[in-house]
$ cat entry.txt   # compact mmCIF, C-alpha atoms and all ligand atoms
# COMPACT_ATOMS: atom_id res chain seq x y z
CA MET Y 1 3.90 -27.32 -13.38
CA ALA Y 2 3.78 -26.63 -9.63
CA SER Y 3 1.22 -23.98 -8.68
CA PRO Y 4 2.62 -20.59 -9.71
CA SER Y 5 4.14 -18.32 -7.11
CA ILE Y 6 2.30 -15.00 -7.21
CA VAL Y 7 3.37 -11.54 -6.03
CA ILE Y 8 0.73 -8.82 -5.91
CA LEU Y 9 1.37 -5.10 -5.46
CA THR Y 10 -1.60 -2.89 -4.64
CA GLY Y 11 -1.97 0.88 -4.60
CA ALA Y 12 -4.58 3.44 -3.68
CA GLY Y 13 -6.79 2.45 -6.63
CA ILE Y 14 -7.83 -0.81 -4.96
CA SER Y 15 -9.35 1.17 -2.09
CA ALA Y 16 -10.97 3.86 -4.28
CA GLU Y 17 -14.31 2.00 -4.53
CA SER Y 18 -14.29 1.71 -0.75
CA GLY Y 19 -14.40 5.50 -0.66
CA LEU Y 20 -10.75 6.21 0.20
CA GLY Y 21 -9.11 8.90 -1.96
CA THR Y 22 -6.23 8.15 -4.28
CA PHE Y 23 -3.23 10.48 -4.55
CA ARG Y 24 -2.85 11.47 -8.17
CA ASP Y 25 -6.30 11.17 -9.66
CA GLU Y 26 -8.30 14.34 -10.29
CA GLY Y 27 -8.80 16.05 -6.91
CA GLY Y 28 -6.68 13.41 -5.18
CA LEU Y 29 -4.85 13.79 -1.89
CA TRP Y 30 -1.85 15.44 -3.53
CA ALA Y 31 -4.16 18.04 -5.06
CA GLN Y 32 -5.45 18.88 -1.56
CA HIS Y 33 -2.18 18.78 0.40
CA ARG Y 34 1.47 19.50 -0.39
CA ILE Y 35 3.54 16.31 -0.12
CA GLU Y 36 6.39 18.27 1.46
CA ASP Y 37 4.04 19.46 4.22
CA VAL Y 38 2.37 16.17 5.19
CA ALA Y 39 4.50 13.28 3.85
CA THR Y 40 8.13 14.13 4.62
CA PRO Y 41 10.21 14.04 7.84
CA GLU Y 42 11.00 17.74 7.26
CA GLY Y 43 7.29 18.56 7.11
CA PHE Y 44 6.72 16.69 10.37
CA ALA Y 45 9.59 18.53 12.06
CA ARG Y 46 8.28 21.87 10.77
CA ASN Y 47 4.62 21.39 11.73
CA PRO Y 48 3.88 18.10 13.54
CA GLN Y 49 0.26 19.13 14.26
CA LEU Y 50 -0.54 19.52 10.54
CA VAL Y 51 0.91 16.06 9.84
CA VAL Y 52 -0.78 14.36 12.80
CA ASP Y 53 -4.12 15.97 11.81
CA PHE Y 54 -3.66 14.73 8.21
CA TYR Y 55 -3.16 11.11 9.29
CA ASN Y 56 -5.86 11.33 11.99
CA ALA Y 57 -8.34 12.30 9.25
CA ARG Y 58 -7.19 9.43 7.00
CA ARG Y 59 -7.25 6.97 9.93
CA ARG Y 60 -10.84 7.99 10.74
CA GLN Y 61 -11.91 7.57 7.08
CA ALA Y 62 -10.16 4.20 6.85
CA ALA Y 63 -11.81 3.04 10.10
CA GLU Y 64 -15.23 3.74 8.55
CA ALA Y 65 -14.40 2.18 5.14
CA VAL Y 66 -15.39 -1.33 4.15
CA PRO Y 67 -13.36 -3.64 1.87
CA ASN Y 68 -14.65 -4.11 -1.68
CA ALA Y 69 -14.80 -7.17 -3.94
CA ALA Y 70 -11.18 -6.69 -4.98
CA HIS Y 71 -9.87 -6.94 -1.40
CA GLU Y 72 -12.09 -9.97 -0.80
CA ALA Y 73 -10.96 -11.69 -4.00
CA LEU Y 74 -7.29 -11.34 -3.01
CA ALA Y 75 -8.10 -12.85 0.40
CA ARG Y 76 -9.76 -15.81 -1.36
CA LEU Y 77 -6.67 -16.22 -3.58
CA GLU Y 78 -4.42 -16.28 -0.50
CA ALA Y 79 -6.67 -18.88 1.15
CA GLU Y 80 -7.27 -21.16 -1.84
CA HIS Y 81 -4.23 -20.89 -4.17
CA ALA Y 82 -1.90 -23.87 -3.72
CA GLY Y 83 1.22 -21.83 -4.62
CA ASN Y 84 2.79 -18.97 -2.68
CA VAL Y 85 0.91 -15.65 -2.63
CA THR Y 86 2.75 -12.55 -1.39
CA LEU Y 87 0.54 -9.49 -1.04
CA VAL Y 88 2.51 -6.23 -0.91
CA THR Y 89 0.60 -3.00 -0.50
CA GLN Y 90 1.62 0.63 -0.75
CA ASN Y 91 -1.62 1.47 1.06
CA VAL Y 92 -1.68 2.38 4.71
CA ASP Y 93 -5.34 1.48 5.23
CA ASP Y 94 -6.33 -1.95 6.64
CA LEU Y 95 -8.86 -2.91 3.99
CA HIS Y 96 -6.86 -5.96 2.88
CA GLU Y 97 -6.99 -7.25 6.47
CA LYS Y 98 -10.67 -6.34 6.82
CA GLY Y 99 -11.25 -8.20 3.53
CA GLY Y 100 -9.71 -11.37 5.02
CA SER Y 101 -6.05 -11.27 3.90
CA GLN Y 102 -3.87 -12.70 6.68
CA ASN Y 103 -0.40 -11.83 5.47
CA VAL Y 104 -0.07 -8.27 4.18
CA VAL Y 105 3.26 -6.52 3.62
CA HIS Y 106 2.70 -2.81 4.29
CA MET Y 107 5.77 -1.38 2.57
CA HIS Y 108 4.69 2.24 3.24
CA GLY Y 109 3.56 1.65 6.83
CA ALA Y 110 0.08 1.57 8.34
CA LEU Y 111 -2.36 4.11 9.78
CA ASN Y 112 -3.17 1.74 12.66
CA SER Y 113 0.43 1.66 13.85
CA ALA Y 114 2.36 4.29 15.85
CA LEU Y 115 6.15 4.55 15.85
CA CYS Y 116 8.56 6.03 18.37
CA ALA Y 117 11.04 8.31 16.58
CA ALA Y 118 13.50 7.79 19.45
CA CYS Y 119 13.55 4.02 20.09
CA ALA Y 120 11.66 2.65 17.04
CA HIS Y 121 9.12 0.89 19.27
CA ARG Y 122 5.72 0.29 17.54
CA TRP Y 123 2.30 0.07 19.11
CA PRO Y 124 -1.33 0.24 17.94
CA ALA Y 125 -2.11 3.86 17.04
CA PRO Y 126 -5.04 5.56 18.79
CA LEU Y 127 -7.75 6.74 16.39
CA LYS Y 128 -6.70 10.32 17.20
CA MET Y 129 -2.93 10.58 17.69
CA GLN Y 130 -1.62 13.53 19.73
CA VAL Y 131 1.56 15.46 18.95
CA GLY Y 132 4.21 14.67 21.57
CA ALA Y 133 2.46 11.53 22.82
CA LEU Y 134 4.72 9.44 25.03
CA CYS Y 135 6.26 6.26 23.69
CA PRO Y 136 4.94 3.41 25.93
CA LYS Y 137 8.42 1.87 25.92
CA CYS Y 138 10.94 4.70 26.37
CA ALA Y 139 8.49 7.31 27.70
CA THR Y 140 9.84 10.07 25.49
CA PRO Y 141 7.35 12.39 23.71
CA THR Y 142 8.38 11.12 20.25
CA ALA Y 143 5.33 9.27 18.90
CA ARG Y 144 4.79 9.69 15.15
CA PRO Y 145 2.60 8.07 12.49
CA ASP Y 146 4.16 4.74 11.39
CA ILE Y 147 4.12 5.88 7.76
CA VAL Y 148 7.06 5.74 5.36
CA TRP Y 149 7.45 9.34 4.18
CA PHE Y 150 9.21 10.49 1.04
CA GLY Y 151 12.95 10.19 1.58
CA GLU Y 152 12.53 7.30 4.05
CA ILE Y 153 13.21 3.60 3.34
CA PRO Y 154 10.16 1.42 2.62
CA TYR Y 155 9.63 -1.52 4.98
CA GLN Y 156 10.37 -5.23 4.38
CA MET Y 157 12.23 -4.65 1.10
CA GLU Y 158 14.37 -7.79 1.52
CA ARG Y 159 11.28 -9.96 1.93
CA ILE Y 160 9.66 -8.30 -1.09
CA GLU Y 161 12.74 -8.77 -3.28
CA GLN Y 162 12.99 -12.43 -2.20
CA ALA Y 163 9.38 -13.00 -3.24
CA LEU Y 164 9.87 -11.19 -6.55
CA THR Y 165 12.92 -13.31 -7.46
CA ARG Y 166 10.73 -16.42 -7.06
CA ALA Y 167 7.64 -15.02 -8.77
CA ASP Y 168 5.94 -16.76 -11.70
CA ILE Y 169 3.26 -14.07 -11.84
CA PHE Y 170 3.50 -10.40 -10.77
CA VAL Y 171 0.32 -8.31 -10.67
CA ALA Y 172 0.11 -4.56 -9.96
CA ILE Y 173 -3.38 -3.34 -9.02
CA GLY Y 174 -4.52 0.29 -8.70
CA THR Y 175 -1.14 1.98 -8.69
CA SER Y 176 0.05 4.74 -11.02
CA GLY Y 177 3.64 3.46 -11.13
CA ASN Y 178 4.97 6.85 -10.04
CA VAL Y 179 6.81 5.98 -6.86
CA TYR Y 180 9.92 3.82 -6.51
CA PRO Y 181 10.95 1.26 -5.44
CA ALA Y 182 7.40 -0.15 -5.92
CA ALA Y 183 7.21 1.08 -9.53
CA GLY Y 184 10.36 -0.92 -10.31
CA PHE Y 185 9.06 -4.29 -9.07
CA VAL Y 186 7.74 -5.13 -12.55
CA GLN Y 187 11.29 -4.94 -13.96
CA LEU Y 188 12.66 -7.35 -11.36
CA ALA Y 189 9.75 -9.74 -11.98
CA THR Y 190 10.27 -9.55 -15.74
CA HIS Y 191 13.99 -10.19 -15.26
CA VAL Y 192 13.26 -13.50 -13.54
CA GLY Y 193 10.80 -14.51 -16.24
CA ALA Y 194 7.53 -13.82 -14.40
CA HIS Y 195 4.37 -13.01 -16.31
CA THR Y 196 3.41 -9.41 -15.44
CA VAL Y 197 -0.09 -7.92 -15.38
CA GLU Y 198 -1.25 -4.35 -14.67
CA MET Y 199 -4.87 -3.86 -13.52
CA ASN Y 200 -5.74 -0.17 -13.42
CA LEU Y 201 -8.55 2.25 -14.18
CA ASP Y 202 -6.10 4.35 -16.25
CA PRO Y 203 -2.76 3.02 -17.50
CA GLY Y 204 0.09 3.66 -15.06
CA GLU Y 205 3.33 5.50 -15.89
CA ASN Y 206 5.11 2.17 -16.27
CA VAL Y 207 2.36 0.28 -18.11
CA SER Y 208 4.66 -0.38 -21.09
CA LEU Y 209 6.83 -2.57 -18.83
CA PHE Y 210 3.97 -5.03 -18.24
CA ALA Y 211 3.32 -8.06 -20.47
CA GLU Y 212 -0.42 -7.61 -20.01
CA ALA Y 213 -2.71 -4.72 -19.03
CA ARG Y 214 -6.34 -5.08 -17.92
CA ALA Y 215 -8.22 -1.79 -17.73
CA GLY Y 216 -11.22 -1.36 -15.47
CA LYS Y 217 -12.37 -1.00 -11.90
CA ALA Y 218 -10.56 -3.23 -9.42
CA SER Y 219 -13.85 -4.51 -8.00
CA GLU Y 220 -14.48 -6.09 -11.42
CA THR Y 221 -11.04 -6.93 -12.85
CA VAL Y 222 -9.58 -8.49 -9.68
CA PRO Y 223 -12.37 -10.99 -8.90
CA ALA Y 224 -12.38 -12.02 -12.58
CA TRP Y 225 -8.60 -12.59 -12.54
CA VAL Y 226 -8.74 -14.52 -9.23
CA LYS Y 227 -11.44 -16.80 -10.70
CA GLU Y 228 -9.12 -17.48 -13.67
CA VAL Y 229 -6.16 -18.29 -11.42
CA LEU Y 230 -8.22 -20.57 -9.16
CA GLY Y 231 -9.76 -22.21 -12.20
CA SER Y 232 -13.28 -21.57 -11.00
N1 LIG I 1 -9.92 0.51 -9.82
C1 LIG I 1 -8.65 0.31 -10.27
N2 LIG I 1 -7.72 1.29 -10.36
C2 LIG I 1 -8.10 2.52 -9.94
C3 LIG I 1 -9.40 2.81 -9.47
C4 LIG I 1 -10.32 1.74 -9.41
N3 LIG I 1 -11.59 1.91 -8.97
N4 LIG I 1 -9.45 4.14 -9.17
C5 LIG I 1 -8.24 4.66 -9.43
N5 LIG I 1 -7.42 3.69 -9.91
C6 LIG I 1 -6.01 3.79 -10.32
C7 LIG I 1 -5.66 5.06 -11.04
O1 LIG I 1 -5.88 4.90 -12.44
C8 LIG I 1 -4.17 5.20 -10.71
O2 LIG I 1 -3.41 4.50 -11.67
O3 LIG I 1 -5.25 3.78 -9.13
C9 LIG I 1 -4.02 4.49 -9.36
C10 LIG I 1 -3.81 5.44 -8.19
O4 LIG I 1 -2.55 6.03 -8.35
P1 LIG I 1 -1.97 6.96 -7.17
O5 LIG I 1 -3.05 7.90 -6.72
O6 LIG I 1 -0.68 7.53 -7.65
O7 LIG I 1 -1.72 5.97 -5.94
P2 LIG I 1 -0.50 4.98 -5.73
O8 LIG I 1 0.04 4.50 -7.05
O9 LIG I 1 -0.93 3.98 -4.75
O10 LIG I 1 0.61 5.94 -5.05
C11 LIG I 1 1.80 5.31 -4.66
O11 LIG I 1 2.60 7.37 -3.71
O12 LIG I 1 2.16 9.25 -2.53
C12 LIG I 1 2.72 8.01 -2.45
O13 LIG I 1 2.94 6.74 -0.51
C13 LIG I 1 2.00 7.17 -1.43
O14 LIG I 1 1.61 4.80 -1.50
C14 LIG I 1 1.47 6.00 -2.24
C15 LIG I 1 2.37 6.00 -3.46
$ encode --input "entry.txt" --output "structure tokens" --more "lines below"
Ligand code: APR
Amino acid sequence: MASPSIVILTGAGISAESGLGTFRDEGGLWAQHRIEDVATPEGFARNPQLVVDFYNARRRQAAEAVPNAAHEALARLEAEHAGNVTLVTQNVDDLHEKGGSQNVVHMHGALNSALCAACAHRWPAPLKMQVGALCPKCATPTARPDIVWFGEIPYQMERIEQALTRADIFVAIGTSGNVYPAAGFVQLATHVGAHTVEMNLDPGENVSLFAEARAGKASETVPAWVKEVLGS
């Protein structure tokens, strides 16, 4: 059999051991902030300073964080696996890139990117974004975090669906399976006959949809799985 085509979806849990908070665990980000205030277009329109401050704080934490063994194992898989590997992340940190992954699909955007709300131009975000910063392209004061907020369309969905329709293996790592469309990827993968694996500290909402579930910390379960796939 040709080398299996693998699609991986990661969530906040893969970055937890690097010190970045998850959303729905005890004391997580959504226990500290109201989603409607900091992760919706309406919240940004209502109080842009609160939103910009929220992402500035997360950008600063992410800048200081280091990738863990799970990020590094996925980079090794991408480099050494003969078949296709598509890494899709819901995370907006850059720990996959810092861990050596070259080709990361950030379906919920990225802290290190800024977006112009007027002309959709993107540029590298400053560590500390200012409200009303000028877009370098159209010079209007419409800079915003390049984050997909609730109610907005995730990025690169066509590319993700293409990869899922060709998947032989689909793995979800460190995600609670609460947010769609990401939480529905396992169904599409199952539909095309892929083997599906969930790797989580606690079972996700949609764990029953997976053929296999491996409980534990990502820094342990992911390197072990990558070793299995690479046969070493
Ligand atoms: N190793 C593996 N899994 C872990 C670890 C760890 N060390 N720590 C926590 N987890 C698991 C939890 O058990 C949980 O299932 O990570 C998952 C984190 O779930 P959420 O906090 O809901 O994060 P995520 O699934 O990525 O959220 C999805 O929701 O708010 C939106 O846009 C935001 O991208 C985010 C999306």
$ atom_distance --input "entry.txt" --atom1 "atom C12 of ligand LIG 1 (chain I)" --atom2 "CA of Arg166 (chain Y)"
26.1 Å
$ residues_near_ligand --input "entry.txt" --ligand "ligand LIG 1 (chain I)" --cutoff "6 Å" --atoms "all atoms listed in the file" --output "ChimeraX atom specification"
/Y:11-14,16-17,22-25,90-91,174-177,179,200-202,204,217-218
$ closest_residue --input "entry.txt" --among "Y:Gly216, Y:Gly19, Y:Pro41, Y:Gly109" --to "Pro203 (chain Y)" --atoms "all atoms listed in the file"
Y:Gly216
$ closest_residue --input "entry.txt" --among "Y:Ala62, Y:Ala45, Y:Leu77, Y:Val222" --to "Ala117 (chain Y)" --atoms "all atoms listed in the file"
Y:Ala45
$ closest_residue --input "entry.txt" --among "Y:Val52, Y:Ile8, Y:Ala163, Y:Ala69" --to "Glu220 (chain Y)" --atoms "all atoms listed in the file"
Y:Ala69
$ atom_distance --input "entry.txt" --atom1 "CA of Val197 (chain Y)" --atom2 "CA of Gln162 (chain Y)"
19.1 Å
